[in-house]
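Student: Structure supplied as query12.cif; contents: mmCIF, C-alpha atoms, pLDDT in the B column; chains and numbers go by the auth columns.
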data_structure
#
loop_
_atom_site.group_PDB
_atom_site.id
_atom_site.type_symbol
_atom_site.label_atom_id
_atom_site.label_comp_id
_atom_site.label_asym_id
_atom_site.label_seq_id
_atom_site.Cartn_x
_atom_site.Cartn_y
_atom_site.Cartn_z
_atom_site.B_iso_or_equiv
_atom_site.auth_seq_id
_atom_site.auth_asym_id
ATOM 1 C CA CYS A 1 -226.564 -174.449 168.526 43.00 1 Z
ATOM 2 C CA ILE A 2 -226.320 -175.453 172.205 42.00 2 Z
ATOM 3 C CA ARG A 3 -222.535 -175.662 171.880 46.00 3 Z
ATOM 4 C CA SER A 4 -222.449 -172.154 170.387 50.00 4 Z
ATOM 5 C CA ARG A 5 -224.560 -170.762 173.211 46.00 5 Z
ATOM 6 C CA LEU A 6 -222.331 -172.336 175.870 40.00 6 Z
ATOM 7 C CA LYS A 7 -219.270 -171.013 174.086 49.00 7 Z
ATOM 8 C CA SER A 8 -220.683 -167.497 174.140 48.00 8 Z
ATOM 9 C CA ILE A 9 -221.237 -167.705 177.907 41.00 9 Z
ATOM 10 C CA PHE A 10 -217.620 -168.602 178.662 43.00 10 Z
ATOM 11 C CA THR A 11 -215.986 -166.331 176.075 51.00 11 Z
ATOM 12 C CA HIS A 12 -216.392 -162.767 174.873 48.00 12 Z
ATOM 13 C CA ASP A 13 -218.232 -163.851 171.701 63.00 13 Z
ATOM 14 C CA LYS A 14 -221.660 -162.739 172.922 67.00 14 Z
ATOM 15 C CA LYS A 15 -220.412 -159.333 174.043 74.00 15 Z
ATOM 16 C CA GLN A 16 -218.531 -158.791 170.782 78.00 16 Z
ATOM 17 C CA THR A 17 -221.599 -159.794 168.760 75.00 17 Z
ATOM 18 C CA GLN A 18 -223.813 -157.378 170.680 76.00 18 Z
ATOM 19 C CA GLN A 19 -221.267 -154.587 170.173 81.00 19 Z
ATOM 20 C CA ALA A 20 -221.045 -155.284 166.441 83.00 20 Z
ATOM 21 C CA ILE A 21 -224.857 -155.183 166.156 82.00 21 Z
ATOM 22 C CA SER A 22 -225.098 -151.928 168.118 83.00 22 Z
ATOM 23 C CA GLU A 23 -222.529 -150.257 165.818 87.00 23 Z
ATOM 24 C CA ALA A 24 -224.128 -151.452 162.556 89.00 24 Z
ATOM 25 C CA ASP A 25 -226.294 -149.312 160.288 90.00 25 Z
ATOM 26 C CA TYR A 26 -227.769 -152.344 158.517 92.00 26 Z
ATOM 27 C CA ILE A 27 -227.652 -156.048 159.284 92.00 27 Z
ATOM 28 C CA LEU A 28 -227.652 -158.603 156.470 92.00 28 Z
ATOM 29 C CA PHE A 29 -229.668 -161.549 157.778 90.00 29 Z
ATOM 30 C CA GLY A 30 -228.461 -164.105 155.264 86.00 30 Z
ATOM 31 C CA GLY A 31 -229.213 -167.748 154.589 78.00 31 Z
ATOM 32 C CA GLY A 32 -229.345 -170.706 154.096 81.00 32 Z
ATOM 33 C CA GLN A 33 -232.614 -172.012 155.175 87.00 33 Z
ATOM 34 C CA LEU A 34 -232.484 -170.617 158.665 90.00 34 Z
ATOM 35 C CA PHE A 35 -236.137 -170.988 159.672 91.00 35 Z
ATOM 36 C CA ASN A 36 -236.380 -174.745 159.354 88.00 36 Z
ATOM 37 C CA GLU A 37 -238.946 -176.969 161.070 89.00 37 Z
ATOM 38 C CA ASP A 38 -236.736 -180.017 160.503 84.00 38 Z
ATOM 39 C CA GLU A 39 -234.457 -178.432 163.098 82.00 39 Z
ATOM 40 C CA PRO A 40 -237.014 -176.798 165.458 79.00 40 Z
ATOM 41 C CA TYR A 41 -234.417 -175.003 167.593 86.00 41 Z
ATOM 42 C CA SER A 42 -233.425 -172.982 164.516 88.00 42 Z
ATOM 43 C CA ILE A 43 -236.875 -171.358 164.396 90.00 43 Z
ATOM 44 C CA TYR A 44 -236.417 -170.069 167.953 91.00 44 Z
ATOM 45 C CA LEU A 45 -232.737 -169.189 167.497 89.00 45 Z
ATOM 46 C CA TRP A 46 -233.166 -167.013 164.420 92.00 46 Z
ATOM 47 C CA GLY A 47 -236.454 -165.641 165.708 92.00 47 Z
ATOM 48 C CA ILE A 48 -234.572 -164.401 168.783 90.00 48 Z
ATOM 49 C CA HIS A 49 -231.959 -162.815 166.520 89.00 49 Z
ATOM 50 C CA ALA A 50 -234.618 -160.982 164.506 92.00 50 Z
ATOM 51 C CA ARG A 51 -236.339 -159.856 167.710 91.00 51 Z
ATOM 52 C CA ALA A 52 -233.043 -158.533 169.070 87.00 52 Z
ATOM 53 C CA PHE A 53 -232.419 -156.542 165.884 90.00 53 Z
ATOM 54 C CA GLN A 54 -235.878 -155.027 166.213 89.00 54 Z
ATOM 55 C CA LYS A 55 -235.455 -154.116 169.903 88.00 55 Z
ATOM 56 C CA LEU A 56 -232.138 -152.465 169.117 87.00 56 Z
ATOM 57 C CA ARG A 57 -233.925 -150.549 166.344 90.00 57 Z
ATOM 58 C CA LYS A 58 -231.578 -151.921 163.733 91.00 58 Z
ATOM 59 C CA LYS A 59 -232.630 -152.295 160.110 94.00 59 Z
ATOM 60 C CA TYR A 60 -232.074 -155.855 158.995 95.00 60 Z
ATOM 61 C CA ILE A 61 -232.329 -157.264 155.486 96.00 61 Z
ATOM 62 C CA ILE A 62 -233.341 -160.876 154.920 95.00 62 Z
ATOM 63 C CA ILE A 63 -231.265 -161.887 151.924 93.00 63 Z
ATOM 64 C CA GLY A 64 -230.588 -165.135 150.079 90.00 64 Z
ATOM 65 C CA GLN A 65 -232.810 -167.224 152.338 92.00 65 Z
ATOM 66 C CA SER A 66 -235.033 -170.165 151.457 93.00 66 Z
ATOM 67 C CA PHE A 67 -238.257 -171.069 153.234 94.00 67 Z
ATOM 68 C CA SER A 68 -239.969 -174.455 153.291 91.00 68 Z
ATOM 69 C CA LYS A 69 -243.564 -175.204 154.205 91.00 69 Z
ATOM 70 C CA LEU A 70 -244.424 -174.354 157.805 92.00 70 Z
ATOM 71 C CA THR A 71 -246.979 -176.455 159.674 92.00 71 Z
ATOM 72 C CA LYS A 72 -246.618 -175.383 163.315 93.00 72 Z
ATOM 73 C CA LYS A 73 -248.364 -172.328 164.741 93.00 73 Z
ATOM 74 C CA TYR A 74 -245.254 -171.177 166.613 93.00 74 Z
ATOM 75 C CA SER A 75 -243.169 -171.444 163.416 94.00 75 Z
ATOM 76 C CA LYS A 76 -245.614 -169.369 161.410 95.00 76 Z
ATOM 77 C CA LYS A 77 -245.849 -166.724 164.126 95.00 77 Z
ATOM 78 C CA ILE A 78 -242.063 -166.364 164.486 95.00 78 Z
ATOM 79 C CA VAL A 79 -241.488 -166.221 160.721 96.00 79 Z
ATOM 80 C CA GLU A 80 -244.338 -163.748 160.196 96.00 80 Z
ATOM 81 C CA ARG A 81 -242.877 -161.405 162.800 95.00 81 Z
ATOM 82 C CA ALA A 82 -239.297 -161.746 161.538 95.00 82 Z
ATOM 83 C CA VAL A 83 -240.263 -161.106 157.900 96.00 83 Z
ATOM 84 C CA ASN A 84 -242.754 -158.307 158.590 96.00 84 Z
ATOM 85 C CA ASN A 85 -240.195 -156.400 160.667 95.00 85 Z
ATOM 86 C CA ALA A 86 -237.395 -156.714 158.121 96.00 86 Z
ATOM 87 C CA HIS A 87 -236.304 -153.644 156.185 95.00 87 Z
ATOM 88 C CA GLU A 88 -236.187 -155.639 152.913 95.00 88 Z
ATOM 89 C CA VAL A 89 -236.820 -159.297 152.058 96.00 89 Z
ATOM 90 C CA PHE A 90 -235.021 -161.193 149.286 95.00 90 Z
ATOM 91 C CA VAL A 91 -235.581 -164.945 148.873 95.00 91 Z
ATOM 92 C CA ARG A 92 -233.771 -167.098 146.349 91.00 92 Z
ATOM 93 C CA ASP A 93 -236.629 -169.031 144.738 93.00 93 Z
ATOM 94 C CA GLU A 94 -240.289 -168.619 143.796 94.00 94 Z
ATOM 95 C CA GLU A 95 -241.472 -171.402 146.106 94.00 95 Z
ATOM 96 C CA SER A 96 -240.058 -169.554 149.126 94.00 96 Z
ATOM 97 C CA ARG A 97 -241.971 -166.432 148.127 95.00 97 Z
ATOM 98 C CA ASN A 98 -245.168 -168.465 147.641 94.00 98 Z
ATOM 99 C CA ILE A 99 -244.785 -169.967 151.113 94.00 99 Z
ATOM 100 C CA LEU A 100 -244.379 -166.532 152.687 95.00 100 Z
ATOM 101 C CA HIS A 101 -247.355 -165.158 150.747 93.00 101 Z
ATOM 102 C CA LYS A 102 -249.547 -167.799 152.412 93.00 102 Z
ATOM 103 C CA LEU A 103 -248.620 -166.358 155.808 93.00 103 Z
ATOM 104 C CA ASN A 104 -249.727 -163.041 157.225 86.00 104 Z
ATOM 105 C CA ILE A 105 -246.911 -161.156 155.470 91.00 105 Z
ATOM 106 C CA LYS A 106 -247.681 -157.522 154.739 86.00 106 Z
ATOM 107 C CA ARG A 107 -244.631 -156.521 152.775 88.00 107 Z
ATOM 108 C CA GLN A 108 -243.095 -157.025 149.332 94.00 108 Z
ATOM 109 C CA ILE A 109 -240.939 -160.111 148.854 96.00 109 Z
ATOM 110 C CA TYR A 110 -238.357 -160.159 146.080 94.00 110 Z
ATOM 111 C CA VAL A 111 -236.844 -163.210 144.399 94.00 111 Z
ATOM 112 C CA THR A 112 -233.124 -162.717 143.865 91.00 112 Z
ATOM 113 C CA VAL A 113 -230.149 -164.744 142.691 91.00 113 Z
ATOM 114 C CA ASP A 114 -228.120 -166.729 145.160 90.00 114 Z
ATOM 115 C CA PRO A 115 -225.089 -164.543 146.048 86.00 115 Z
ATOM 116 C CA ALA A 116 -222.767 -167.373 144.951 88.00 116 Z
ATOM 117 C CA PHE A 117 -223.607 -166.500 141.329 89.00 117 Z
ATOM 118 C CA ILE A 118 -221.748 -163.223 141.791 86.00 118 Z
ATOM 119 C CA LEU A 119 -218.546 -165.272 141.971 84.00 119 Z
ATOM 120 C CA ASP A 120 -216.021 -164.115 139.360 83.00 120 Z
ATOM 121 C CA GLU A 121 -213.863 -167.012 138.196 83.00 121 Z
ATOM 122 C CA SER A 122 -211.224 -164.605 136.903 84.00 122 Z
ATOM 123 C CA ASP A 123 -210.299 -163.997 140.552 83.00 123 Z
ATOM 124 C CA PHE A 124 -208.864 -167.507 140.811 86.00 124 Z
ATOM 125 C CA GLU A 125 -205.496 -168.598 139.549 84.00 125 Z
ATOM 126 C CA GLU A 126 -205.923 -171.666 137.365 86.00 126 Z
ATOM 127 C CA LYS A 127 -204.313 -174.766 138.824 88.00 127 Z
ATOM 128 C CA LYS A 128 -205.239 -178.161 137.446 87.00 128 Z
ATOM 129 C CA HIS A 129 -206.012 -181.115 139.693 92.00 129 Z
ATOM 130 C CA GLU A 130 -206.081 -184.767 138.753 93.00 130 Z
ATOM 131 C CA PRO A 131 -209.563 -185.698 137.409 94.00 131 Z
ATOM 132 C CA SER A 132 -211.805 -187.138 140.117 95.00 132 Z
ATOM 133 C CA VAL A 133 -215.371 -187.857 141.151 96.00 133 Z
ATOM 134 C CA LEU A 134 -216.375 -185.556 144.013 97.00 134 Z
ATOM 135 C CA ILE A 135 -218.868 -186.592 146.684 97.00 135 Z
ATOM 136 C CA ILE A 136 -220.012 -183.723 148.896 96.00 136 Z
ATOM 137 C CA LEU A 137 -222.260 -184.788 151.767 94.00 137 Z
ATOM 138 C CA ARG A 138 -223.459 -183.158 154.964 90.00 138 Z
ATOM 139 C CA LYS A 139 -224.778 -184.317 158.327 87.00 139 Z
ATOM 140 C CA TYR A 140 -228.535 -184.011 158.445 86.00 140 Z
ATOM 141 C CA LYS A 141 -231.039 -185.669 160.747 83.00 141 Z
ATOM 142 C CA ASN A 142 -230.802 -189.472 160.495 83.00 142 Z
ATOM 143 C CA ILE A 143 -229.155 -189.607 157.065 89.00 143 Z
ATOM 144 C CA ASP A 144 -226.295 -192.108 157.040 90.00 144 Z
ATOM 145 C CA GLY A 145 -223.432 -190.489 155.126 90.00 145 Z
ATOM 146 C CA LYS A 146 -221.387 -193.687 154.887 92.00 146 Z
ATOM 147 C CA ASP A 147 -224.360 -195.528 153.392 94.00 147 Z
ATOM 148 C CA ILE A 148 -224.898 -192.767 150.819 94.00 148 Z
ATOM 149 C CA GLU A 149 -221.225 -192.772 149.861 94.00 149 Z
ATOM 150 C CA LYS A 150 -221.341 -196.564 149.457 93.00 150 Z
ATOM 151 C CA LYS A 151 -224.388 -196.330 147.190 93.00 151 Z
ATOM 152 C CA ILE A 152 -222.817 -193.576 145.082 94.00 152 Z
ATOM 153 C CA ASN A 153 -219.600 -195.537 144.686 92.00 153 Z
ATOM 154 C CA LYS A 154 -221.602 -198.559 143.561 89.00 154 Z
ATOM 155 C CA ALA A 155 -223.604 -196.543 141.044 90.00 155 Z
ATOM 156 C CA ALA A 156 -220.526 -194.711 139.758 90.00 156 Z
ATOM 157 C CA GLU A 157 -218.410 -197.782 139.035 89.00 157 Z
ATOM 158 C CA LYS A 158 -217.955 -196.690 135.420 89.00 158 Z
ATOM 159 C CA PHE A 159 -215.656 -193.871 136.540 92.00 159 Z
ATOM 160 C CA THR A 160 -212.045 -195.026 136.770 91.00 160 Z
ATOM 161 C CA VAL A 161 -210.727 -191.851 138.443 92.00 161 Z
ATOM 162 C CA ASP A 162 -210.388 -191.372 142.197 94.00 162 Z
ATOM 163 C CA LYS A 163 -213.559 -190.761 144.181 94.00 163 Z
ATOM 164 C CA LYS A 164 -213.142 -188.088 146.844 94.00 164 Z
ATOM 165 C CA ASN A 165 -215.487 -187.377 149.719 93.00 165 Z
ATOM 166 C CA ILE A 166 -214.871 -183.740 150.620 90.00 166 Z
ATOM 167 C CA ASP A 167 -216.510 -181.492 153.196 86.00 167 Z
ATOM 168 C CA ILE A 168 -216.969 -177.946 151.931 83.00 168 Z
ATOM 169 C CA GLY A 169 -218.955 -177.160 155.076 78.00 169 Z
ATOM 170 C CA ASN A 170 -215.660 -177.272 156.990 79.00 170 Z
ATOM 171 C CA MET A 171 -213.335 -175.755 154.433 78.00 171 Z
ATOM 172 C CA ARG A 172 -209.690 -176.466 155.197 81.00 172 Z
ATOM 173 C CA GLN A 173 -208.428 -175.010 151.923 87.00 173 Z
ATOM 174 C CA SER A 174 -208.970 -171.735 150.075 87.00 174 Z
ATOM 175 C CA ILE A 175 -211.988 -171.185 147.817 87.00 175 Z
ATOM 176 C CA SER A 176 -209.484 -171.082 144.939 90.00 176 Z
ATOM 177 C CA TYR A 177 -208.408 -174.645 145.788 91.00 177 Z
ATOM 178 C CA TYR A 178 -212.003 -175.919 145.734 92.00 178 Z
ATOM 179 C CA TRP A 179 -212.773 -173.984 142.553 93.00 179 Z
ATOM 180 C CA ASN A 180 -209.947 -175.721 140.703 94.00 180 Z
ATOM 181 C CA LEU A 181 -210.865 -179.073 142.255 94.00 181 Z
ATOM 182 C CA PHE A 182 -214.422 -178.691 140.918 95.00 182 Z
ATOM 183 C CA LYS A 183 -213.188 -177.504 137.513 95.00 183 Z
ATOM 184 C CA SER A 184 -211.145 -180.707 137.175 95.00 184 Z
ATOM 185 C CA ALA A 185 -213.923 -183.078 138.291 96.00 185 Z
ATOM 186 C CA GLU A 186 -215.433 -185.617 135.913 95.00 186 Z
ATOM 187 C CA MET A 187 -218.578 -185.864 138.044 96.00 187 Z
ATOM 188 C CA ILE A 188 -219.910 -184.195 141.200 97.00 188 Z
ATOM 189 C CA PHE A 189 -222.472 -185.622 143.637 97.00 189 Z
ATOM 190 C CA ALA A 190 -223.661 -182.679 145.707 97.00 190 Z
ATOM 191 C CA MET A 191 -225.791 -182.966 148.816 96.00 191 Z
ATOM 192 C CA ARG A 192 -224.937 -179.427 149.845 94.00 192 Z
ATOM 193 C CA LEU A 193 -226.810 -176.865 147.761 94.00 193 Z
ATOM 194 C CA HIS A 194 -223.774 -174.666 147.245 93.00 194 Z
ATOM 195 C CA ALA A 195 -221.742 -177.624 146.067 95.00 195 Z
ATOM 196 C CA ALA A 196 -224.322 -178.013 143.289 96.00 196 Z
ATOM 197 C CA ILE A 197 -224.140 -174.280 142.568 95.00 197 Z
ATOM 198 C CA LEU A 198 -220.334 -174.445 142.458 94.00 198 Z
ATOM 199 C CA ALA A 199 -220.621 -177.344 139.997 96.00 199 Z
ATOM 200 C CA ILE A 200 -222.824 -175.130 137.809 96.00 200 Z
ATOM 201 C CA LEU A 201 -220.361 -172.244 138.053 94.00 201 Z
ATOM 202 C CA ALA A 202 -217.524 -174.620 137.138 94.00 202 Z
ATOM 203 C CA GLU A 203 -219.688 -176.004 134.289 95.00 203 Z
ATOM 204 C CA ARG A 204 -219.211 -179.615 135.363 95.00 204 Z
ATOM 205 C CA PRO A 205 -221.617 -182.605 135.301 96.00 205 Z
ATOM 206 C CA PHE A 206 -223.358 -183.032 138.644 97.00 206 Z
ATOM 207 C CA LEU A 207 -226.279 -184.602 140.483 97.00 207 Z
ATOM 208 C CA ALA A 208 -227.927 -182.793 143.389 97.00 208 Z
ATOM 209 C CA LEU A 209 -228.986 -184.955 146.355 96.00 209 Z
ATOM 210 C CA ASN A 210 -232.327 -183.534 147.458 95.00 210 Z
ATOM 211 C CA TYR A 211 -232.168 -183.675 151.263 92.00 211 Z
ATOM 212 C CA SER A 212 -234.085 -180.400 151.669 91.00 212 Z
ATOM 213 C CA PRO A 213 -236.762 -178.533 149.647 90.00 213 Z
ATOM 214 C CA LYS A 214 -234.288 -175.710 149.020 92.00 214 Z
ATOM 215 C CA VAL A 215 -232.224 -178.029 146.810 94.00 215 Z
ATOM 216 C CA GLU A 216 -235.131 -179.077 144.591 94.00 216 Z
ATOM 217 C CA ASN A 217 -236.562 -175.544 144.485 93.00 217 Z
ATOM 218 C CA MET A 218 -233.256 -174.061 143.335 95.00 218 Z
ATOM 219 C CA MET A 219 -232.788 -176.711 140.647 96.00 219 Z
ATOM 220 C CA LYS A 220 -236.327 -176.072 139.389 95.00 220 Z
ATOM 221 C CA LYS A 221 -235.634 -172.348 139.276 94.00 221 Z
ATOM 222 C CA LEU A 222 -232.519 -173.017 137.180 95.00 222 Z
ATOM 223 C CA GLY A 223 -234.300 -175.455 134.867 95.00 223 Z
ATOM 224 C CA LEU A 224 -232.053 -178.275 136.086 95.00 224 Z
ATOM 225 C CA ASP A 225 -234.587 -180.374 138.019 93.00 225 Z
ATOM 226 C CA LYS A 226 -233.573 -183.480 136.025 93.00 226 Z
ATOM 227 C CA LYS A 227 -230.256 -183.325 137.888 94.00 227 Z
ATOM 228 C CA VAL A 228 -231.999 -184.064 141.204 96.00 228 Z
ATOM 229 C CA ILE A 229 -231.793 -187.360 143.112 96.00 229 Z
ATOM 230 C CA ASN A 230 -234.375 -187.769 145.874 94.00 230 Z
ATOM 231 C CA PHE A 231 -234.015 -189.509 149.216 92.00 231 Z
ATOM 232 C CA PRO A 232 -233.938 -192.344 150.046 91.00 232 Z
ATOM 233 C CA ILE A 233 -231.010 -192.733 147.669 91.00 233 Z
ATOM 234 C CA ASN A 234 -231.479 -195.526 145.130 92.00 234 Z
ATOM 235 C CA PRO A 235 -228.279 -196.620 143.310 92.00 235 Z
ATOM 236 C CA SER A 236 -230.284 -197.725 140.270 93.00 236 Z
ATOM 237 C CA GLU A 237 -231.716 -194.202 139.911 93.00 237 Z
ATOM 238 C CA ILE A 238 -228.206 -192.747 140.016 94.00 238 Z
ATOM 239 C CA THR A 239 -227.005 -195.295 137.460 93.00 239 Z
ATOM 240 C CA ALA A 240 -229.904 -194.405 135.163 93.00 240 Z
ATOM 241 C CA LYS A 241 -229.128 -190.683 135.465 93.00 241 Z
ATOM 242 C CA LEU A 242 -225.456 -191.325 134.720 93.00 242 Z
ATOM 243 C CA LYS A 243 -226.377 -193.154 131.513 90.00 243 Z
ATOM 244 C CA GLN A 244 -228.166 -190.053 130.253 88.00 244 Z
ATOM 245 C CA PRO A 245 -226.035 -187.532 128.336 86.00 245 Z
ATOM 246 C CA PHE A 246 -225.141 -184.544 130.481 86.00 246 Z
ATOM 247 C CA ASP A 247 -226.152 -181.388 128.698 88.00 247 Z
ATOM 248 C CA ILE A 248 -223.344 -179.030 129.681 92.00 248 Z
ATOM 249 C CA GLU A 249 -224.874 -176.350 127.455 94.00 249 Z
ATOM 250 C CA LYS A 250 -227.964 -176.347 129.672 93.00 250 Z
ATOM 251 C CA ILE A 251 -225.755 -175.883 132.731 94.00 251 Z
ATOM 252 C CA LYS A 252 -223.943 -173.021 130.975 94.00 252 Z
ATOM 253 C CA GLU A 253 -227.283 -171.460 130.068 95.00 253 Z
ATOM 254 C CA ALA A 254 -228.515 -171.594 133.676 94.00 254 Z
ATOM 255 C CA LYS A 255 -225.248 -170.035 134.855 94.00 255 Z
ATOM 256 C CA ALA A 256 -225.421 -167.247 132.262 93.00 256 Z
ATOM 257 C CA LYS A 257 -229.028 -166.373 133.197 93.00 257 Z
ATOM 258 C CA GLU A 258 -228.186 -166.075 136.903 92.00 258 Z
ATOM 259 C CA HIS A 259 -225.074 -164.020 136.148 88.00 259 Z
ATOM 260 C CA LYS A 260 -227.179 -161.642 134.070 89.00 260 Z
ATOM 261 C CA LYS A 261 -229.787 -161.331 136.821 86.00 261 Z
ATOM 262 C CA ALA A 262 -227.018 -160.634 139.344 82.00 262 Z
ATOM 263 C CA GLU A 263 -225.616 -157.859 137.152 81.00 263 Z
ATOM 264 C CA ASN A 264 -229.074 -156.303 136.747 77.00 264 Z
ATOM 265 C CA GLN A 265 -229.696 -156.388 140.497 72.00 265 Z
ATOM 266 C CA GLN A 266 -226.395 -154.838 141.557 63.00 266 Z
#
Do you think you could lay out the structure here as structure tokens?
Tutor:
Amino acid sequence: CIRSRLKSIFTHDKKQTQQAISEADYILFGGGQLFNEDEPYSIYLWGIHARAFQKLRKKYIIIGQSFSKLTKKYSKKIVERAVNNAHEVFVRDEESRNILHKLNIKRQIYVTVDPAFILDESDFEEKKHEPSVLIILRKYKNIDGKDIEKKINKAAEKFTVDKKNIDIGNMRQSISYYWNLFKSAEMIFAMRLHAAILAILAERPFLALNYSPKVENMMKKLGLDKKVINFPINPSEITAKLKQPFDIEKIKEAKAKEHKKAENQQ
């Protein structure tokens, strides 16, 4: 965040952003879990964005965001103002809506599908990869990525294919490349929420590493909460989950339901 702000001072990014906002009819204020007390600066950062949209008299739509429990007065006040001044509000799980309902929110809040479920696999040319086990981690607070990878590798010894630690948060290849990589995977360990969603779309076995409430809430919404591994990561828990049969039909069912909801909401 600080790096981005400094960059905007010494480049034309800030001016270009302000120009783009001033020319827009609507602004899609998408997420993520932008208003996050685990990263307090984010509350202020996105609150300032929402305030700027309001001052410029621009209609902004909160879409695809998750909200976790807020405990600080300043957090509640900023979120209340940002949500109340939005033109429309769409969250991606019931728990997020429940959290907002407990605040002083005076507008309707809709639960919608995550936009990733609009993905049409027919857009991607099929290209097979060698089977592998994918490990998708992310930097977050004091979580030690190397330690997690070590524990996963230990728990996943039964897999004889290559284990790949990939970073989809810094995508160096096309989405088509990652789609085919996921489609070829024997197993996917996803710390990033959208890595878990991509595993569902690719209809592959996966476990979601629950570093944030948005991960657990989404899996509950999809009826896939048994695919969740909580922190701190315990290799024996992973091993136990891997011994259980992976119900691909349940994953397909969750995917089909979200696709249908997306079609109905378009």
Student: Choose the residue, out of Z:Lys55, Z:Phe189, Z:Asn217, Z:Lys241, that has the smallest atom-to-atom separation from Asn98 in chain Z; count all atoms listed in the file.
Tutor: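 That would be Z:Asn217, the residue with the smallest distance to Asn98 in chain Z.
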Student: List the residues selected by the PyMOL selection byres ((chain Z and resi 234) around 12) in the file shown, writing them as a ChimeraX atom specification.
Tutor: /Z:147-155,209,229-233,235-241
Student: Around all the atoms of range 55-66 of chain Z listed in the file, with 8 Å of room on each side, what axis-aligned box do you get, giving centre and edge lengths in Å to one decimal, as lines of an AutoDock Vina configuration file?
Tutor:
center_x = -233.0
center_y = -160.4
center_z = 160.0
size_x = 20.9
size_y = 35.6
size_z = 35.8
Student: Would you kindly return, as a PyMOL selection string, each protein, DNA or RNA residue with an atom no farther than 10 Å from any atom of Ala199 in chain Z, considering only C-alpha atoms and excluding same-chain residues fewer than 4 positions away?
Tutor: chain Z and resi 179+182-183+185+187-190+193-195+203-208+251
Student: Expanded to explicit residues, what is the PyMOL selection byres ((chain Z and resi 222) around 10) for this file, as a list in words?
Tutor: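 With the shown file as input, the PyMOL selection byres ((chain Z and resi 222) around 10) matches Asp93, Ile200, Glu216, Asn217, Met218, Met219, Lys220, Lys221, Gly223, Leu224, Asp225, Lys250, Ile251, Glu253, Ala254, Lys255, Lys257 and Glu258 of chain Z.
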Student: I need the residue nearest Lys72 in chain Z from this list: Z:Ala86, Z:Leu103, Z:Ala256, Z:Leu56. Use all atoms listed in the file for the distance.
Tutor: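 Nearest candidate to Lys72 in chain Z out of Z:Ala86, Z:Leu103, Z:Ala256, Z:Leu56: Z:Leu103.
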Student: Pick from Z:Arg57, Z:Leu198, Z:Arg51, Z:Ile62: nearest to Gly31 in chain Z, with only C-alpha atoms counted?
Tutor: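 Selected residue with least distance to Gly31 in chain Z: Z:Ile62.
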Student: To test your reading of the syntax: which residues would the PyMOL selection byres ((chain Z and resi 132) around 12) return for the file shown? Reply as a VMD selection string.
Tutor: chain Z and resid 128 to 131 133 to 135 156 159 to 166 180 to 189 204 to 205
Student: Work out how far apart CA of Glu95 in chain Z and CA of Tyr26 in chain Z are and give it in Å to one decimal.
Tutor: 26.6 Å
Student: Could you jot down the CA of Ala50 in chain Z to CA of Asp114 in chain Z separation for me, Å, one decimal place?
Tutor: 21.2 Å
Student: With all atoms listed in the file as the atoms that count, which of Z:Leu119, Z:Met171, Z:Ile105, Z:Met191 lies nearest to Lys139 in chain Z?
Tutor: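 Between Z:Leu119, Z:Met171, Z:Ile105, Z:Met191, the residue approaching Lys139 in chain Z most closely is Z:Met191.
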Student: Quick one: distance from CA of Phe124 in chain Z to CA of Ser174 in chain Z in Å, one decimal?
Tutor: 10.2 Å
Student: Determine, counting only C-alpha atoms, which protein, DNA and RNA residues have an atom within 10 Å of an atom of Val89 in chain Z; residues of the same chain fewer than 6 positions away are not included. Present the result as a ChimeraX atom specification.
Tutor: /Z:29,60-65,83,97,107-112
Student: Taking 4 positions as the minimum chain separation for residues in the same chain, which residues sit within 9 Å of Phe67 in chain Z when counting only C-alpha atoms? Answer as a PyMOL selection string.
Tutor: chain Z and resi 32-36+91+93+95-97+99-100+213-214
Student: Which one of Z:Ser66, Z:Leu137, Z:Pro115, Z:Glu121 sits closest to Glu94 in chain Z if you count all atoms listed in the file?
Tutor: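 Of all the options, Z:Ser66 lies closest to Glu94 in chain Z.
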Student: For each of Z:Ile43, Z:Leu28, Z:Ile136, Z:Ile248, take the minimum atom-to-atom distance to Lys76 in chain Z, counting only C-alpha atoms, then give the residue where this is smallest.
Tutor: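 So, comparing all the options, the nearest one is Z:Ile43.
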Student: Residues at most 12 Å from Ser75 in chain Z, counting all atoms listed in the file, excluding those fewer than 2 positions away in the same chain, as number ranges by chain?
Tutor: Z: 34-47, 67-73, 77-82, 100, 103
Student: Using all atoms listed in the file, list the residues that have an atom at most 8 Å from (-220.5, -163.8, 138.1), coordinates as in the file, as a list in words.
Tutor: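 Residues close enough to count: Phe117, Ile118, Leu119, Asp120, Glu121, His259, Ala262 and Glu263 of chain Z.
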Student: If I only want range 29-41 of chain Z, can you write it with C-alpha atoms, as a PDB file, in the first residue's frame?
Tutor:
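That gives us out17.pdb:
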ATOM      1  CA  PHE Z  29     -15.779  -1.439  -6.363  1.00  0.00           C
ATOM      2  CA  GLY Z  30     -14.791  -5.089  -6.466  1.00  0.00           C
ATOM      3  CA  GLY Z  31     -13.184  -7.490  -4.026  1.00  0.00           C
ATOM      4  CA  GLY Z  32     -11.592  -9.470  -2.428  1.00  0.00           C
ATOM      5  CA  GLN Z  33     -11.947  -8.757   1.166  1.00  0.00           C
ATOM      6  CA  LEU Z  34     -10.935  -5.140   0.971  1.00  0.00           C
ATOM      7  CA  PHE Z  35     -12.147  -3.921   4.369  1.00  0.00           C
ATOM      8  CA  ASN Z  36     -10.001  -6.169   6.517  1.00  0.00           C
ATOM      9  CA  GLU Z  37      -9.039  -5.537  10.144  1.00  0.00           C
ATOM     10  CA  ASP Z  38      -6.153  -8.003   9.845  1.00  0.00           C
ATOM     11  CA  GLU Z  39      -4.572  -5.368   7.609  1.00  0.00           C
ATOM     12  CA  PRO Z  40      -5.776  -2.126   9.287  1.00  0.00           C
ATOM     13  CA  TYR Z  41      -4.402   0.190   6.590  1.00  0.00           C
TER      14      TYR Z  41
END
